[in-house]
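To start, the structure under review is shown below, and the notes come after it.
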Amino acid sequence: MKIAVLPGDGIGPEIVAQAVKVLNALNLNITLTEAPIGGAGYEASGDPLPEATLQLAKDSDAVLLGAVGDWKYDKLERHLRPERGLLRIRKELNLFANLRPALLYPELADASTLKPEVVSGLDIMIVRELTGDIYFGQPRGISTLANGEREGVNTMRYCESEIRRIGRVAFDIAMKRNKKVCSVDKANVLESTELWRQVMIELSAEYPEVELIHMYVDNAAMQLIRAPKQFDVMVTGNIFGDILSDEASMLTGSIGMLPSASLDANNKGMYEPSHGSAPDLAGKDVANPLATILSAAMMLRYTFNDEVNALKIENAVKKALAQGYRTADIVTDGCNQVGCNAMGDAVVAALN
Ligand code: IPM
Ligand code: MG
């Protein structure tokens, strides 16, 4: 098993080091190779996705990524910015299916900003389309109009096959869970999502056991806070999924808990925490490494079909939380507050 390790920027290197520590402790037959991406890629070779990094990712079975981005790159031309490296690697590897599970660990019910009774038992799988939509649609850009005023343009578009393949992922996952899919769109206003809804309805004919409902994105954002336990699988486009998955993460106590998998049609995948690079926390050993460690568990499950070791990691995370270990973002009364590195150690210790 060949894994490309791309730590990236900000807290990326610290959190990835913890996930690597956990993977190594499992004594699996894996080779880990590191390469720069994002701002680190720009520093190394003037490109947020250096050619060698992309090649390594293509040659590997899976990619473990930290996070990209730092304010100091905000002034660079757009194509040189760290985020572009991330978007390009998703596109180049055809990672169209982004799975973001929002799962509440019972120990963290008090860490959520919502009442424990609203979130306890929460288990939602957000399936976000990742290589289309307004993120990639052409035309795009900033230009100057005839009257001298500047105009910014982005284009929201989806073709049928893109909608169908992400829909299929959602329905297949629902079949292994509670057989409920909520498709999120804005079909009352946006044609691209009107088509989204039509295709989801067509596809549902192939999954008679799955209950399909539709929700407008504004309502979905509200329902996630009002009664999040009504959801099983949510499927949506790139931009809505970006926003709703950040929202859902806070139901679980902290965005530092939310892992993700981005898969292609053959389950090759890139695994990364759903959160960003948090440059303000970098180098302070305070970041929560659990989302990255849980992303490594998803890697074992989805790309390497190794449910046993995936569960081992997830159970070790649960055990470390049950033992009271908490990073700053999830502190609760009477807990044992630790840094990033010590949290990684606690998970390694709990593996046995
Ligand atoms: C995410 C992030 C990225 C996105 C950014 C960093 C480009 O917010 O993975 O959710 O918008 O997809
Ligand atoms: Mg996001």
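A note on labels: chains of the structure tokens are A, B, ... as shown, every chain counts residues from 1, and ligands are counted from 1 in their shown order.
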
Listing only residues of stretch 236-292 of chain A within 12 Å of stretch 134-139 of chain A, what is the closest atom pair and its distance in Å (to one decimal) for each, using only C-alpha atoms, sorted by chain and residue number ascending, as JSON lines?
{"residue": "A:Gly237", "atom": "CA", "partner": "A:Ile134", "partner_atom": "CA", "distance": 9.1}
{"residue": "A:Asn238", "atom": "CA", "partner": "A:Tyr135", "partner_atom": "CA", "distance": 7.1}
{"residue": "A:Ile239", "atom": "CA", "partner": "A:Ile134", "partner_atom": "CA", "distance": 6.9}
{"residue": "A:Phe240", "atom": "CA", "partner": "A:Ile134", "partner_atom": "CA", "distance": 10.0}
{"residue": "A:Gly241", "atom": "CA", "partner": "A:Tyr135", "partner_atom": "CA", "distance": 11.5}
{"residue": "A:Asp242", "atom": "CA", "partner": "A:Tyr135", "partner_atom": "CA", "distance": 10.4}

Residues just named, written with N, CA and C atoms as an mmCIF file, in the first residue's frame:
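Saved as part_13.cif:
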data_model
loop_
_atom_site.group_PDB
_atom_site.id
_atom_site.type_symbol
_atom_site.label_atom_id
_atom_site.label_comp_id
_atom_site.auth_asym_id
_atom_site.auth_seq_id
_atom_site.Cartn_x
_atom_site.Cartn_y
_atom_site.Cartn_z
ATOM 1 N N GLY A 237 -24.498 19.439 -3.814
ATOM 2 C CA GLY A 237 -23.435 19.892 -4.707
ATOM 3 C C GLY A 237 -22.253 20.460 -3.932
ATOM 4 N N ASN A 238 -21.267 20.899 -4.693
ATOM 5 C CA ASN A 238 -19.991 21.307 -4.123
ATOM 6 C C ASN A 238 -20.108 22.479 -3.145
ATOM 7 N N ILE A 239 -20.753 23.557 -3.568
ATOM 8 C CA ILE A 239 -20.777 24.749 -2.715
ATOM 9 C C ILE A 239 -21.706 24.574 -1.518
ATOM 10 N N PHE A 240 -22.893 23.982 -1.741
ATOM 11 C CA PHE A 240 -23.791 23.764 -0.605
ATOM 12 C C PHE A 240 -23.153 22.783 0.389
ATOM 13 N N GLY A 241 -22.468 21.784 -0.156
ATOM 14 C CA GLY A 241 -21.825 20.780 0.705
ATOM 15 C C GLY A 241 -20.691 21.374 1.521
ATOM 16 N N ASP A 242 -19.981 22.314 0.928
ATOM 17 C CA ASP A 242 -18.905 23.002 1.650
ATOM 18 C C ASP A 242 -19.475 23.690 2.884
#

Neighbours of ligand 2 within 9 Å, counting only C-alpha atoms and all ligand atoms, as a PDB file with C-alpha atoms, in the first residue's frame?
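part07.pdb was written with the following content:
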ATOM      1  CA  ILE A 239     -20.777  24.749  -2.715  1.00  0.00           C
ATOM      2  CA  GLY A 241     -21.825  20.780   0.705  1.00  0.00           C
ATOM      3  CA  ASP A 242     -18.905  23.002   1.650  1.00  0.00           C
ATOM      4  CA  ILE A 243     -21.158  25.185   3.762  1.00  0.00           C
ATOM      5  CA  LEU A 244     -23.418  22.511   5.268  1.00  0.00           C
ATOM      6  CA  SER A 245     -20.494  20.297   6.272  1.00  0.00           C
ATOM      7  CA  ASP A 246     -18.900  23.107   8.272  1.00  0.00           C
ATOM      8  CA  SER A 274     -12.724  18.885   6.913  1.00  0.00           C
ATOM      9  CA  HIS A 275     -11.212  21.875   8.662  1.00  0.00           C
ATOM     10  CA  GLY A 276      -8.658  24.346   7.363  1.00  0.00           C
TER      11      GLY A 276
END

Among the residues of stretch 129-243 of chain A, find those DSSP assigns to alpha helix (DSSP H) from the backbone and print them as an mmCIF file with C-alpha atoms, in the first residue's frame.
data_model
loop_
_atom_site.group_PDB
_atom_site.id
_atom_site.type_symbol
_atom_site.label_atom_id
_atom_site.label_comp_id
_atom_site.auth_asym_id
_atom_site.auth_seq_id
_atom_site.Cartn_x
_atom_site.Cartn_y
_atom_site.Cartn_z
ATOM 1 C CA GLU A 160 -26.562 14.853 -15.733
ATOM 2 C CA SER A 161 -23.768 12.303 -15.476
ATOM 3 C CA GLU A 162 -22.053 14.261 -12.708
ATOM 4 C CA ILE A 163 -25.275 14.360 -10.708
ATOM 5 C CA ARG A 164 -26.041 10.706 -11.310
ATOM 6 C CA ARG A 165 -22.647 9.400 -10.177
ATOM 7 C CA ILE A 166 -22.684 11.340 -6.899
ATOM 8 C CA GLY A 167 -26.320 10.353 -6.370
ATOM 9 C CA ARG A 168 -25.340 6.724 -6.761
ATOM 10 C CA VAL A 169 -22.664 7.079 -4.087
ATOM 11 C CA ALA A 170 -25.239 8.543 -1.699
ATOM 12 C CA PHE A 171 -27.865 5.871 -2.380
ATOM 13 C CA ASP A 172 -25.286 3.073 -2.033
ATOM 14 C CA ILE A 173 -24.141 4.451 1.315
ATOM 15 C CA ALA A 174 -27.745 4.842 2.478
ATOM 16 C CA MET A 175 -28.358 1.166 1.689
ATOM 17 C CA GLU A 191 -31.883 25.639 -12.851
ATOM 18 C CA SER A 192 -28.688 23.670 -12.310
ATOM 19 C CA THR A 193 -30.193 22.347 -9.089
ATOM 20 C CA GLU A 194 -33.614 21.878 -10.660
ATOM 21 C CA LEU A 195 -31.851 19.355 -12.900
ATOM 22 C CA TRP A 196 -30.124 17.982 -9.798
ATOM 23 C CA ARG A 197 -33.509 17.239 -8.256
ATOM 24 C CA GLN A 198 -34.872 15.634 -11.434
ATOM 25 C CA VAL A 199 -31.881 13.311 -11.740
ATOM 26 C CA MET A 200 -32.087 12.317 -8.065
ATOM 27 C CA ILE A 201 -35.744 11.412 -8.544
ATOM 28 C CA GLU A 202 -34.930 9.342 -11.651
ATOM 29 C CA LEU A 203 -32.116 7.569 -9.841
ATOM 30 C CA SER A 204 -34.272 6.769 -6.827
ATOM 31 C CA VAL A 217 -30.518 24.509 1.102
ATOM 32 C CA ASP A 218 -31.745 27.361 3.289
ATOM 33 C CA ASN A 219 -34.213 25.061 5.001
ATOM 34 C CA ALA A 220 -31.561 22.345 5.329
ATOM 35 C CA ALA A 221 -29.248 24.799 7.079
ATOM 36 C CA MET A 222 -32.033 25.595 9.512
ATOM 37 C CA GLN A 223 -33.091 21.954 10.033
ATOM 38 C CA LEU A 224 -29.493 20.941 10.800
ATOM 39 C CA ILE A 225 -29.585 23.206 13.843
ATOM 40 C CA ARG A 226 -33.229 22.614 14.764
ATOM 41 C CA ASN A 238 -19.991 21.307 -4.123
ATOM 42 C CA ILE A 239 -20.777 24.749 -2.715
ATOM 43 C CA PHE A 240 -23.791 23.764 -0.605
ATOM 44 C CA GLY A 241 -21.825 20.780 0.705
ATOM 45 C CA ASP A 242 -18.905 23.002 1.650
ATOM 46 C CA ILE A 243 -21.158 25.185 3.762
#

_Calculated over only C-alpha atoms, which of the candidates A:Ile124, A:Asp110, A:Asn305, A:Asp47 has the smallest distance to A:Gly334?_
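Closest to A:Gly334, using only C-alpha atoms: A:Asp110.
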
For A:Asn29: contacts at 8 Å, only C-alpha atoms, fewer than 2 positions along chain excluded, given as an mmCIF file with C-alpha atoms, in the first residue's frame:
data_model
loop_
_atom_site.group_PDB
_atom_site.id
_atom_site.type_symbol
_atom_site.label_atom_id
_atom_site.label_comp_id
_atom_site.auth_asym_id
_atom_site.auth_seq_id
_atom_site.Cartn_x
_atom_site.Cartn_y
_atom_site.Cartn_z
ATOM 1 C CA MET A 1 0.000 0.000 0.000
ATOM 2 C CA ASN A 27 2.381 -2.156 11.803
ATOM 3 C CA THR A 31 5.018 3.003 2.473
#

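Using only C-alpha atoms and all ligand atoms, the nearest neighbour of ligand 1 within the list A:Ile30, A:Gly152, A:Thr53, A:Ser277 is A:Ser277.
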
*Nearest to ligand 1 among A:Leu65, A:Ala17, A:Leu145, A:Ala282, with distances taken over only C-alpha atoms and all ligand atoms: which residue is it?*
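Counting only C-alpha atoms and all ligand atoms, the residue closest to ligand 1 is A:Leu65.
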
*Choose the residue, out of A:Val184, A:Cys335, A:Ile313, A:Val119, that has the smallest atom-to-atom separation from A:Ala291; count only C-alpha atoms.*
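Nearest to A:Ala291: A:Ile313.
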
*Do you have the atom CA of A:Met156-atom CA of A:Gly66 distance handy?*
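Interatomic distance, atom CA of A:Met156 to atom CA of A:Gly66: 27.9 Å.
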
*DSSP strand (DSSP E) residues within stretch 13-240 of chain A, listed as a PyMOL selection string*: chain A and resi 31-34+62-67+97-103+123-129+141-144+150-153+180-185+211-216+233-236
